[in-house]
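Here the structure is laid out as structure tokens; the discussion comes afterwards.
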There are 2 protein chains.
Amino acid sequence: MTAHYEMAPIGHVESPLVDRETAPKQGFEGAPEAWLVFDPEMADGVRDLTTGDDIYVLTWLHRAQRDVLAVHPRDDQRNPETGVFSTRSQDRPNPIGLHRVRIAAIDGLRILVHDLEAFDGTPIVDVKPVLVGGR
Amino acid sequence: MTAHYEMAPIGHVESPLVDRETAPKQGFEGAPEAWLVFDPEMADGVRDLTTGDDIYVLTWLHRAQRDVLAVHPRDDQRNPETGVFSTRSQDRPNPIGLHRVRIAAIDGLRILVHDLEAFDGTPIVDVKPVLVGGR
């Protein structure tokens, strides 16, 4: 029997992006501002996040197809089919989104970031600092 | 009722690291070589990974404490207690490990990487390419 791991959201994304067809593939390609909205019980965990911090936001890409192992990158049929672990496709066995963003402003449990390519309502599962050297 | 998301491992780490006390806090602080060992049914997903690629390996930190929201960074009591989302502590609500490594060699479903600070047996849940600009 294969092990399974269960996650619960710590918050969600508020964004004007609502549609896969019009969303940018990567945040640095021109995504809008978005708010990270954390659940009240996570207050102690987010209390030291600071404007200007570079962070990784990990999301759960709840619209993904999880039985897909190869895709045409960027949803473009002209690109040769590629194993999903060499792509950033949202379609993959465990559809975790990885987004590197900078904190633009903080309002309590609401954190404003630029260039986040996630749909409105996307669940947030973790936040980590970017370390020295961009790791 | 809060939503929950279920993940299954796609492989696991083979590493000489077996002990939290002796493991480095970050891979670039001198972790040993490790093998990423993928499950056979993931073959199509990993087929395009190539020696020299910089990748993010996402793991499930199965020994983590999930009810912790603030920690003394680097397990050092002299460091002030800090919200976990400003740290890389493995103890956090959804203990996903994020490791940036370079592929050193490939042997079928086994991929050799340097500087991976994960224990032997750690489940792998996703792999993503590092994009232009280190994102």
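In the structure tokens, chains take letters A, B, ... by order of appearance, with residues numbered from 1 within each chain and ligands from 1 in the order shown.
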
Determine, for each residue of chain A having at least one atom at most 7 Å from an atom of chain B, the closest pair of atoms and their separation in Å to one decimal, counting only C-alpha atoms; order by chain and ascending number, as JSON lines.
{"residue": "A:Ala3", "atom": "CA", "partner": "B:Ala8", "partner_atom": "CA", "distance": 6.2}
{"residue": "A:His4", "atom": "CA", "partner": "B:Ala8", "partner_atom": "CA", "distance": 4.7}
{"residue": "A:Tyr5", "atom": "CA", "partner": "B:Met7", "partner_atom": "CA", "distance": 5.1}
{"residue": "A:Glu6", "atom": "CA", "partner": "B:Glu6", "partner_atom": "CA", "distance": 4.6}
{"residue": "A:Met7", "atom": "CA", "partner": "B:Tyr5", "partner_atom": "CA", "distance": 5.1}
{"residue": "A:Ala8", "atom": "CA", "partner": "B:His4", "partner_atom": "CA", "distance": 4.7}
{"residue": "A:Asp44", "atom": "CA", "partner": "B:Gly83", "partner_atom": "CA", "distance": 5.7}
{"residue": "A:Gly45", "atom": "CA", "partner": "B:Gly83", "partner_atom": "CA", "distance": 4.0}
{"residue": "A:Val46", "atom": "CA", "partner": "B:Gly83", "partner_atom": "CA", "distance": 5.6}
{"residue": "A:Arg47", "atom": "CA", "partner": "B:Gly83", "partner_atom": "CA", "distance": 5.8}
{"residue": "A:Asp48", "atom": "CA", "partner": "B:Gly83", "partner_atom": "CA", "distance": 5.6}
{"residue": "A:Leu49", "atom": "CA", "partner": "B:Ser86", "partner_atom": "CA", "distance": 5.9}
{"residue": "A:Leu69", "atom": "CA", "partner": "B:Gly45", "partner_atom": "CA", "distance": 4.6}
{"residue": "A:Ala70", "atom": "CA", "partner": "B:Gly45", "partner_atom": "CA", "distance": 5.9}
{"residue": "A:Thr82", "atom": "CA", "partner": "B:Asp48", "partner_atom": "CA", "distance": 6.4}
{"residue": "A:Gly83", "atom": "CA", "partner": "B:Gly45", "partner_atom": "CA", "distance": 4.0}
{"residue": "A:Val84", "atom": "CA", "partner": "B:Gly45", "partner_atom": "CA", "distance": 5.0}
{"residue": "A:Phe85", "atom": "CA", "partner": "B:Val127", "partner_atom": "CA", "distance": 5.1}
{"residue": "A:Ser86", "atom": "CA", "partner": "B:Pro129", "partner_atom": "CA", "distance": 5.5}
{"residue": "A:Thr87", "atom": "CA", "partner": "B:Pro129", "partner_atom": "CA", "distance": 6.1}
{"residue": "A:Arg88", "atom": "CA", "partner": "B:Lys128", "partner_atom": "CA", "distance": 6.1}
{"residue": "A:Asn94", "atom": "CA", "partner": "B:Met7", "partner_atom": "CA", "distance": 5.8}
{"residue": "A:Arg100", "atom": "CA", "partner": "B:Arg135", "partner_atom": "CA", "distance": 6.4}
{"residue": "A:Val125", "atom": "CA", "partner": "B:Asn94", "partner_atom": "CA", "distance": 6.3}
{"residue": "A:Asp126", "atom": "CA", "partner": "B:Asn94", "partner_atom": "CA", "distance": 6.4}
{"residue": "A:Val127", "atom": "CA", "partner": "B:Phe85", "partner_atom": "CA", "distance": 5.1}
{"residue": "A:Lys128", "atom": "CA", "partner": "B:Phe85", "partner_atom": "CA", "distance": 5.3}
{"residue": "A:Pro129", "atom": "CA", "partner": "B:Ser86", "partner_atom": "CA", "distance": 5.5}
{"residue": "A:Gly134", "atom": "CA", "partner": "B:Gly134", "partner_atom": "CA", "distance": 6.8}
{"residue": "A:Arg135", "atom": "CA", "partner": "B:Arg100", "partner_atom": "CA", "distance": 6.4}

>> Env of region 37-39 of chain A: 9 Å cut, atoms = only C-alpha atoms, seq-sep filter 5 positions within chain, self excluded. Answer as a VMD selection string.
In response: chain A and resid 9 to 14 46 109 to 112 124

Expected file: the selected residues, all heavy atoms, as a short mmCIF file (atom, residue, chain, number, x, y, z; two decimals), in the first residue's frame:
data_model
loop_
_atom_site.label_atom_id
_atom_site.label_comp_id
_atom_site.auth_asym_id
_atom_site.auth_seq_id
_atom_site.Cartn_x
_atom_site.Cartn_y
_atom_site.Cartn_z
N PRO A 9 -5.11 23.73 3.92
CA PRO A 9 -4.67 25.07 3.53
C PRO A 9 -4.37 25.93 4.76
O PRO A 9 -4.97 25.76 5.81
CB PRO A 9 -5.87 25.62 2.75
CG PRO A 9 -7.04 24.80 3.18
CD PRO A 9 -6.51 23.45 3.55
N ILE A 10 -3.40 26.85 4.60
CA ILE A 10 -3.11 27.84 5.64
C ILE A 10 -3.69 29.20 5.25
O ILE A 10 -3.67 30.14 6.04
CB ILE A 10 -1.60 27.95 5.90
CG1 ILE A 10 -0.85 28.44 4.65
CG2 ILE A 10 -1.04 26.62 6.38
CD1 ILE A 10 0.62 28.77 4.91
N GLY A 11 -4.20 29.31 4.04
CA GLY A 11 -4.79 30.55 3.54
C GLY A 11 -5.13 30.37 2.08
O GLY A 11 -5.15 29.25 1.58
N HIS A 12 -5.39 31.50 1.40
CA HIS A 12 -5.72 31.41 -0.01
C HIS A 12 -5.30 32.69 -0.73
O HIS A 12 -5.00 33.71 -0.09
CB HIS A 12 -7.22 31.16 -0.19
CG HIS A 12 -8.07 32.30 0.25
ND1 HIS A 12 -8.46 32.47 1.56
CD2 HIS A 12 -8.59 33.35 -0.44
CE1 HIS A 12 -9.18 33.57 1.66
NE2 HIS A 12 -9.29 34.12 0.46
N VAL A 13 -5.28 32.61 -2.04
CA VAL A 13 -4.89 33.74 -2.89
C VAL A 13 -6.14 34.54 -3.29
O VAL A 13 -7.16 33.95 -3.65
CB VAL A 13 -4.19 33.23 -4.17
CG1 VAL A 13 -3.94 34.36 -5.16
CG2 VAL A 13 -2.89 32.52 -3.81
N GLU A 14 -6.02 35.86 -3.19
CA GLU A 14 -7.02 36.74 -3.80
C GLU A 14 -6.38 37.42 -5.00
O GLU A 14 -5.38 38.14 -4.86
CB GLU A 14 -7.47 37.83 -2.82
CG GLU A 14 -8.55 37.39 -1.86
CD GLU A 14 -9.04 38.54 -0.99
OE1 GLU A 14 -8.77 39.72 -1.32
OE2 GLU A 14 -9.66 38.25 0.05
N VAL A 46 2.95 33.69 10.60
CA VAL A 46 3.24 34.74 9.62
C VAL A 46 3.74 36.03 10.27
O VAL A 46 4.09 36.99 9.58
CB VAL A 46 1.99 35.08 8.74
CG1 VAL A 46 1.51 33.85 7.99
CG2 VAL A 46 0.87 35.69 9.56
N LEU A 109 -3.32 39.93 8.52
CA LEU A 109 -3.16 38.59 7.95
C LEU A 109 -3.22 38.60 6.42
O LEU A 109 -3.24 37.55 5.79
CB LEU A 109 -4.24 37.65 8.49
CG LEU A 109 -4.10 37.29 9.97
CD1 LEU A 109 -5.36 36.64 10.49
CD2 LEU A 109 -2.90 36.36 10.17
N ARG A 110 -3.22 39.81 5.84
CA ARG A 110 -3.26 39.95 4.38
C ARG A 110 -1.91 40.49 3.90
O ARG A 110 -1.43 41.51 4.39
CB ARG A 110 -4.39 40.89 3.97
CG ARG A 110 -5.77 40.39 4.37
CD ARG A 110 -6.83 41.47 4.14
NE ARG A 110 -6.85 41.94 2.76
CZ ARG A 110 -7.53 41.34 1.79
NH1 ARG A 110 -8.26 40.27 2.04
NH2 ARG A 110 -7.49 41.82 0.57
N ILE A 111 -1.31 39.78 2.94
CA ILE A 111 0.02 40.15 2.45
C ILE A 111 -0.06 40.38 0.95
O ILE A 111 -0.47 39.49 0.20
CB ILE A 111 1.05 39.05 2.81
CG1 ILE A 111 1.22 39.02 4.34
CG2 ILE A 111 2.37 39.28 2.09
CD1 ILE A 111 2.25 38.05 4.83
N LEU A 112 0.35 41.58 0.52
CA LEU A 112 0.29 41.94 -0.90
C LEU A 112 1.59 41.55 -1.58
O LEU A 112 2.69 41.87 -1.09
CB LEU A 112 0.08 43.46 -1.02
CG LEU A 112 -0.07 44.00 -2.44
CD1 LEU A 112 -1.38 43.54 -3.08
CD2 LEU A 112 0.01 45.53 -2.44
N ILE A 124 -3.27 28.22 -0.34
CA ILE A 124 -1.86 28.32 0.04
C ILE A 124 -1.58 27.22 1.06
O ILE A 124 -2.34 27.04 2.01
CB ILE A 124 -1.55 29.69 0.67
CG1 ILE A 124 -1.89 30.81 -0.32
CG2 ILE A 124 -0.09 29.78 1.11
CD1 ILE A 124 -1.87 32.20 0.32
#

>> Let's see if you can do this: from backbone DSSP, list all helix (DSSP H, G or I) residues in chain A, as an NGL selection string.
In response: :A and (27-29 or 40-46 or 73-75 or 84-86 or 132-134)

>> According to DSSP computed on the backbone, where in chain A is there strand (DSSP E or B)? Give the residues as JSON, numbers by chain.
In response: {"A": [5, 6, 7, 11, 12, 13, 14, 34, 35, 36, 37, 38, 54, 55, 56, 57, 58, 59, 60, 70, 71, 82, 83, 96, 97, 98, 99, 100, 101, 102, 103, 104, 105, 106, 107, 110, 111, 112, 113, 123, 124, 125, 126, 127, 128, 129]}
